[in-house]
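Taking it in order: structure first as structure tokens, then the write-up.
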Amino acid sequence: MKYCEYCGQANDVNSNYCIRCGSNLNHEMSNYNLNQTITNDENTYNLDNAKYKYRYTLALLIYFFAFYILAIIIQYIVQLIVININHIDIDDLLENEALYTKFSSDILAWTNFLTYTITLVCLIPLLLPVIKRDIHDFGKNKKFYFQWVGLGIVIMYVGTIAANMIVTILTMGIDTGGTSENQATINEILGSGTFNMIMMSIITIFLAPVLEELVFRKSLFGLFKKNTIKVVIFSSIIFAAIHVIPACLTILLQIFSSEASWLDLYVEFIYIISYLGQAFAISFVYHKSKSNILPSIFIHFINNLLAIIVNILLMYFTF
């Protein structure tokens, strides 16, 4: 037997190329014995971790730097540019609520678009070897992966419905506004003009699925030695948390300045449950689809596409 050093697949001794990933076995094979108790998929996962762990670690660091430090810098620069180009008077901006709302939406749209774009430009070259491997593997077994895409969508919407029911129960009798701060911001940008709507749609439908799956599935899973259900749960919680924690921190600061209450913090934090249905479904599919990132991206893409379509229809059309 020839074992592919790249993916761990067992091949016939006369094979020149791996039947799973297509690697050249004459250059990328080791005649070591993989006759162990672990499965071939687990071995593949371990090989990926050993070979690319530093890339996964760096990808996570880049993401958190980009969205918690770089985004602030970008927002400041964009504000200066918009103010100077449009000759906006700061006093007028602060006194005119409509002008301030439009200004804030424009800044948020550009800040998000630039942050997502810059981060992806950094991550794709860094993770290109595993992306290429996953694309090649997907092409070899489309039926298997598309089956998991379909199952993932079903699991996601069942989980989302259940999660929303739990949120409704936990917030019964409380005026919540009907959505999380993250979703409210997206809705605000979508409704602030055609150009902002286009930018927000591109972010939500195309940039976010690719970026977030590379970070919270490929890279986060890559920090662990084994692809287990425990990692699925951990990844789901982290993914859900990043959608509500920034708003929770803002509310916490407002509590100390008497601008918000502990009830506001509770309501926002509860919305973490709403994101868990989607997060678990995508993480579970990544777990079951041999750590291939493409099914997760497709599920994330479909979910965000439908969400954007529904939001736009509700905003611009009355039935």
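Residues are referred to by chain and number: the chain letter is A, B, ... according to the order shown in the structure tokens, the number counts from 1 in that chain, and ligands are numbered separately from 1 in the order shown.
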
Extract, using only C-alpha atoms, all DNA, RNA and protein residues at most 8 Å from Asn292 (chain A), discarding same-chain residues fewer than 6 positions from it, and format them as a ChimeraX atom specification. /A:134,137-138,286

Restricting it to C-alpha atoms, dump the selection as a compact mmCIF listing (two decimals), in the first residue's frame.
# COMPACT_ATOMS: atom_id res chain seq x y z
CA ASP A 134 -11.07 20.84 -0.32
CA ASP A 137 -11.89 16.62 -2.89
CA PHE A 138 -15.36 18.15 -3.38
CA TYR A 286 -18.22 20.31 8.69

Dump as JSON lines the rows for residues of region 177-276 of chain A within 10 Å of region 48-64 of chain A: closest atom pair and distance in Å with one decimal, only C-alpha atoms counted, ordered by chain and rising residue number.
{"residue": "A:Leu211", "atom": "CA", "partner": "A:Tyr63", "partner_atom": "CA", "distance": 8.8}
{"residue": "A:Glu212", "atom": "CA", "partner": "A:Tyr63", "partner_atom": "CA", "distance": 9.0}
{"residue": "A:Leu214", "atom": "CA", "partner": "A:Ala59", "partner_atom": "CA", "distance": 8.2}
{"residue": "A:Val215", "atom": "CA", "partner": "A:Leu60", "partner_atom": "CA", "distance": 6.0}
{"residue": "A:Phe216", "atom": "CA", "partner": "A:Leu60", "partner_atom": "CA", "distance": 8.2}
{"residue": "A:Lys218", "atom": "CA", "partner": "A:Tyr56", "partner_atom": "CA", "distance": 7.4}
{"residue": "A:Ser219", "atom": "CA", "partner": "A:Tyr56", "partner_atom": "CA", "distance": 4.3}
{"residue": "A:Leu220", "atom": "CA", "partner": "A:Tyr56", "partner_atom": "CA", "distance": 7.0}
{"residue": "A:Phe221", "atom": "CA", "partner": "A:Tyr56", "partner_atom": "CA", "distance": 8.7}
{"residue": "A:Gly222", "atom": "CA", "partner": "A:Asn49", "partner_atom": "CA", "distance": 5.5}
{"residue": "A:Leu223", "atom": "CA", "partner": "A:Lys53", "partner_atom": "CA", "distance": 6.4}
{"residue": "A:Phe224", "atom": "CA", "partner": "A:Asn49", "partner_atom": "CA", "distance": 7.6}
{"residue": "A:Lys225", "atom": "CA", "partner": "A:Asn49", "partner_atom": "CA", "distance": 6.9}
{"residue": "A:Lys226", "atom": "CA", "partner": "A:Asn49", "partner_atom": "CA", "distance": 9.0}

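Closest approach to Ile309 (chain A) among A:Ser192, A:Asn14, A:Ser289, A:Ser201 is made by A:Ser201 (distances from only C-alpha atoms).
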
Which residues of region 224-291 of chain A have any atom within 8 Å of an atom in region 162-175 of chain A when counting only C-alpha atoms, and what is the closest pair of atoms for each, with the distance in Å to one decimal? Order the rows by chain and rising number and write it as a Markdown table.
| residue | atom | partner | partner_atom | distance |
| --- | --- | --- | --- | --- |
| A:Val267 | CA | A:Thr171 | CA | 6.9 |
| A:Ile270 | CA | A:Val167 | CA | 6.5 |
| A:Tyr271 | CA | A:Val167 | CA | 6.8 |
| A:Ile273 | CA | A:Ala163 | CA | 5.7 |
| A:Ser274 | CA | A:Ala163 | CA | 5.2 |
| A:Tyr275 | CA | A:Ala163 | CA | 7.9 |
| A:Leu276 | CA | A:Ala163 | CA | 7.2 |
| A:Gly277 | CA | A:Ala163 | CA | 6.1 |

Using C-alpha atoms, can you write the selected residues to a file as a PDB file, in the first residue's frame?
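The resulting file, out_32.pdb, is shown below:
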ATOM      1  CA  VAL A 267     -32.265  40.545  26.243  1.00  0.00           C
ATOM      2  CA  ILE A 270     -30.400  35.771  25.066  1.00  0.00           C
ATOM      3  CA  TYR A 271     -30.146  36.280  21.294  1.00  0.00           C
ATOM      4  CA  ILE A 273     -29.528  31.199  21.305  1.00  0.00           C
ATOM      5  CA  SER A 274     -30.960  32.407  17.970  1.00  0.00           C
ATOM      6  CA  TYR A 275     -27.564  31.973  16.300  1.00  0.00           C
ATOM      7  CA  LEU A 276     -26.903  28.542  17.819  1.00  0.00           C
ATOM      8  CA  GLY A 277     -29.269  26.713  15.452  1.00  0.00           C
TER       9      GLY A 277
END

Could you pull the residues within 12 Å of Tyr145 (chain A), counting only C-alpha atoms, minus those fewer than 3 positions along the same chain, as an NGL selection string? :A and (134-135 or 137-142 or 148-152 or 285-299)

Requested write-out: N, CA and C atoms of the selected residues, as a compact mmCIF listing (two decimals), in the first residue's frame:
# COMPACT_ATOMS: atom_id res chain seq x y z
N ASP A 134 -9.64 21.05 -0.53
CA ASP A 134 -11.07 20.84 -0.32
C ASP A 134 -11.85 20.94 -1.63
N ILE A 135 -11.48 21.89 -2.48
CA ILE A 135 -12.15 22.03 -3.78
C ILE A 135 -11.93 20.78 -4.62
N ASP A 137 -11.19 17.73 -3.53
CA ASP A 137 -11.89 16.62 -2.89
C ASP A 137 -13.39 16.72 -3.16
N PHE A 138 -13.94 17.93 -3.11
CA PHE A 138 -15.36 18.15 -3.38
C PHE A 138 -15.70 17.72 -4.80
N GLY A 139 -14.84 18.09 -5.74
CA GLY A 139 -15.08 17.72 -7.13
C GLY A 139 -15.07 16.23 -7.38
N LYS A 140 -14.34 15.48 -6.55
CA LYS A 140 -14.25 14.04 -6.71
C LYS A 140 -15.47 13.31 -6.14
N ASN A 141 -16.19 13.95 -5.22
CA ASN A 141 -17.31 13.28 -4.56
C ASN A 141 -18.45 14.25 -4.29
N LYS A 142 -18.95 14.88 -5.36
CA LYS A 142 -19.99 15.91 -5.23
C LYS A 142 -21.25 15.38 -4.55
N TRP A 148 -24.84 16.31 2.27
CA TRP A 148 -24.65 16.95 3.57
C TRP A 148 -25.08 18.41 3.54
N VAL A 149 -24.99 19.05 2.38
CA VAL A 149 -25.51 20.41 2.25
C VAL A 149 -27.02 20.40 2.49
N GLY A 150 -27.71 19.45 1.83
CA GLY A 150 -29.16 19.35 2.01
C GLY A 150 -29.56 19.02 3.43
N LEU A 151 -28.88 18.04 4.03
CA LEU A 151 -29.16 17.69 5.41
C LEU A 151 -28.86 18.84 6.36
N GLY A 152 -27.78 19.56 6.07
CA GLY A 152 -27.40 20.69 6.90
C GLY A 152 -28.45 21.79 6.90
N VAL A 285 -22.16 19.74 10.03
CA VAL A 285 -21.90 19.34 8.64
C VAL A 285 -20.41 19.32 8.36
N TYR A 286 -19.68 20.31 8.86
CA TYR A 286 -18.22 20.31 8.69
C TYR A 286 -17.62 19.07 9.35
N HIS A 287 -18.12 18.72 10.51
CA HIS A 287 -17.66 17.54 11.25
C HIS A 287 -17.92 16.26 10.45
N LYS A 288 -19.09 16.15 9.83
CA LYS A 288 -19.49 14.92 9.15
C LYS A 288 -19.00 14.84 7.70
N SER A 289 -18.63 15.97 7.12
CA SER A 289 -18.23 15.96 5.70
C SER A 289 -16.71 15.97 5.54
N LYS A 290 -16.04 15.21 6.38
CA LYS A 290 -14.58 15.00 6.28
C LYS A 290 -13.80 16.30 6.33
N SER A 291 -14.28 17.24 7.13
CA SER A 291 -13.60 18.53 7.34
C SER A 291 -13.42 19.31 6.04
N ASN A 292 -14.38 19.14 5.13
CA ASN A 292 -14.36 19.90 3.88
C ASN A 292 -15.15 21.19 4.08
N ILE A 293 -14.55 22.32 3.75
CA ILE A 293 -15.14 23.61 4.05
C ILE A 293 -16.27 24.01 3.09
N LEU A 294 -16.32 23.43 1.90
CA LEU A 294 -17.28 23.88 0.89
C LEU A 294 -18.74 23.63 1.28
N PRO A 295 -19.13 22.46 1.82
CA PRO A 295 -20.53 22.30 2.24
C PRO A 295 -20.95 23.35 3.27
N SER A 296 -20.06 23.66 4.20
CA SER A 296 -20.38 24.67 5.23
C SER A 296 -20.58 26.04 4.59
N ILE A 297 -19.73 26.38 3.62
CA ILE A 297 -19.87 27.67 2.92
C ILE A 297 -21.20 27.73 2.17
N PHE A 298 -21.57 26.63 1.50
CA PHE A 298 -22.82 26.60 0.74
C PHE A 298 -24.03 26.79 1.65
N ILE A 299 -24.03 26.11 2.80
CA ILE A 299 -25.15 26.24 3.74
C ILE A 299 -25.24 27.67 4.27

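The two atoms in question, CA of Thr115 (chain A) and CA of Ile131 (chain A), are spaced 21.1 Å apart.
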
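Nearest residue to Met156 (chain A) among A:Ala281, A:Ser257, A:Ile308, A:Leu93 is A:Ala281, counting only C-alpha atoms.
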
With a distance cut-off of 9 Å and only C-alpha atoms, select the neighbouring residues of Leu265 (chain A), excluding the residue or stretch itself and same-chain residues fewer than 2 positions from it, and output the selection as a short mmCIF file (atom, residue, chain, number, x, y, z; two decimals) with C-alpha atoms, in the first residue's frame.
data_model
loop_
_atom_site.label_atom_id
_atom_site.label_comp_id
_atom_site.auth_asym_id
_atom_site.auth_seq_id
_atom_site.Cartn_x
_atom_site.Cartn_y
_atom_site.Cartn_z
CA ALA A 247 -23.27 44.54 21.55
CA CYS A 248 -23.34 43.09 25.08
CA LEU A 249 -20.06 44.84 25.90
CA ILE A 251 -24.60 47.73 26.70
CA LEU A 252 -22.46 46.88 29.73
CA ILE A 255 -25.20 50.42 32.18
CA ALA A 260 -29.02 51.14 29.65
CA SER A 261 -30.31 48.58 32.15
CA TRP A 262 -29.37 45.02 33.12
CA LEU A 263 -32.58 43.94 31.40
CA VAL A 267 -32.26 40.55 26.24
CA GLU A 268 -29.25 41.01 23.98
CA PHE A 269 -27.38 38.06 25.48
CA ILE A 270 -30.40 35.77 25.07
#

Helix (DSSP H, G or I) per DSSP on the backbone: members of region 237-277 of chain A, as a VMD selection string: chain A and resid 237 to 241 245 to 256 262 to 270 272 to 277

Excluding Ile233 (chain A) and any residue of its chain fewer than 5 positions from it, enumerate the residues within 10 Å of it, using only C-alpha atoms, and give them as a PyMOL selection string. chain A and resi 228+238-239+276+279-280+283-284

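Of note, CA of Asn187 (chain A) and CA of Ser105 (chain A) are spaced 10.0 Å apart.
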
Using DSSP secondary structure from the backbone, list all strand (DSSP E or B) positions within region 15-255 of chain A, as a PDB file with C-alpha atoms, in the first residue's frame.
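Output saved as selection27.pdb:
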ATOM      1  CA  TYR A  17      -1.646   9.669  -7.839  1.00  0.00           C
ATOM      2  CA  ASN A  24       1.615  12.821  -6.651  1.00  0.00           C
ATOM      3  CA  MET A  29       4.055   9.625  -0.016  1.00  0.00           C
ATOM      4  CA  SER A  30       5.543   7.930   2.966  1.00  0.00           C
TER       5      SER A  30
END

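Ranking A:Leu25, A:Leu80, A:Ala307, A:Met315 by their shortest atom-to-atom distance to Val13 (chain A), with only C-alpha atoms included, puts A:Leu25 first.
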
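Across A:Gln147, A:Asn311, A:Asn196, A:Asn11, the tightest approach to Lys102 (chain A) is made by A:Asn196 when counting only C-alpha atoms.
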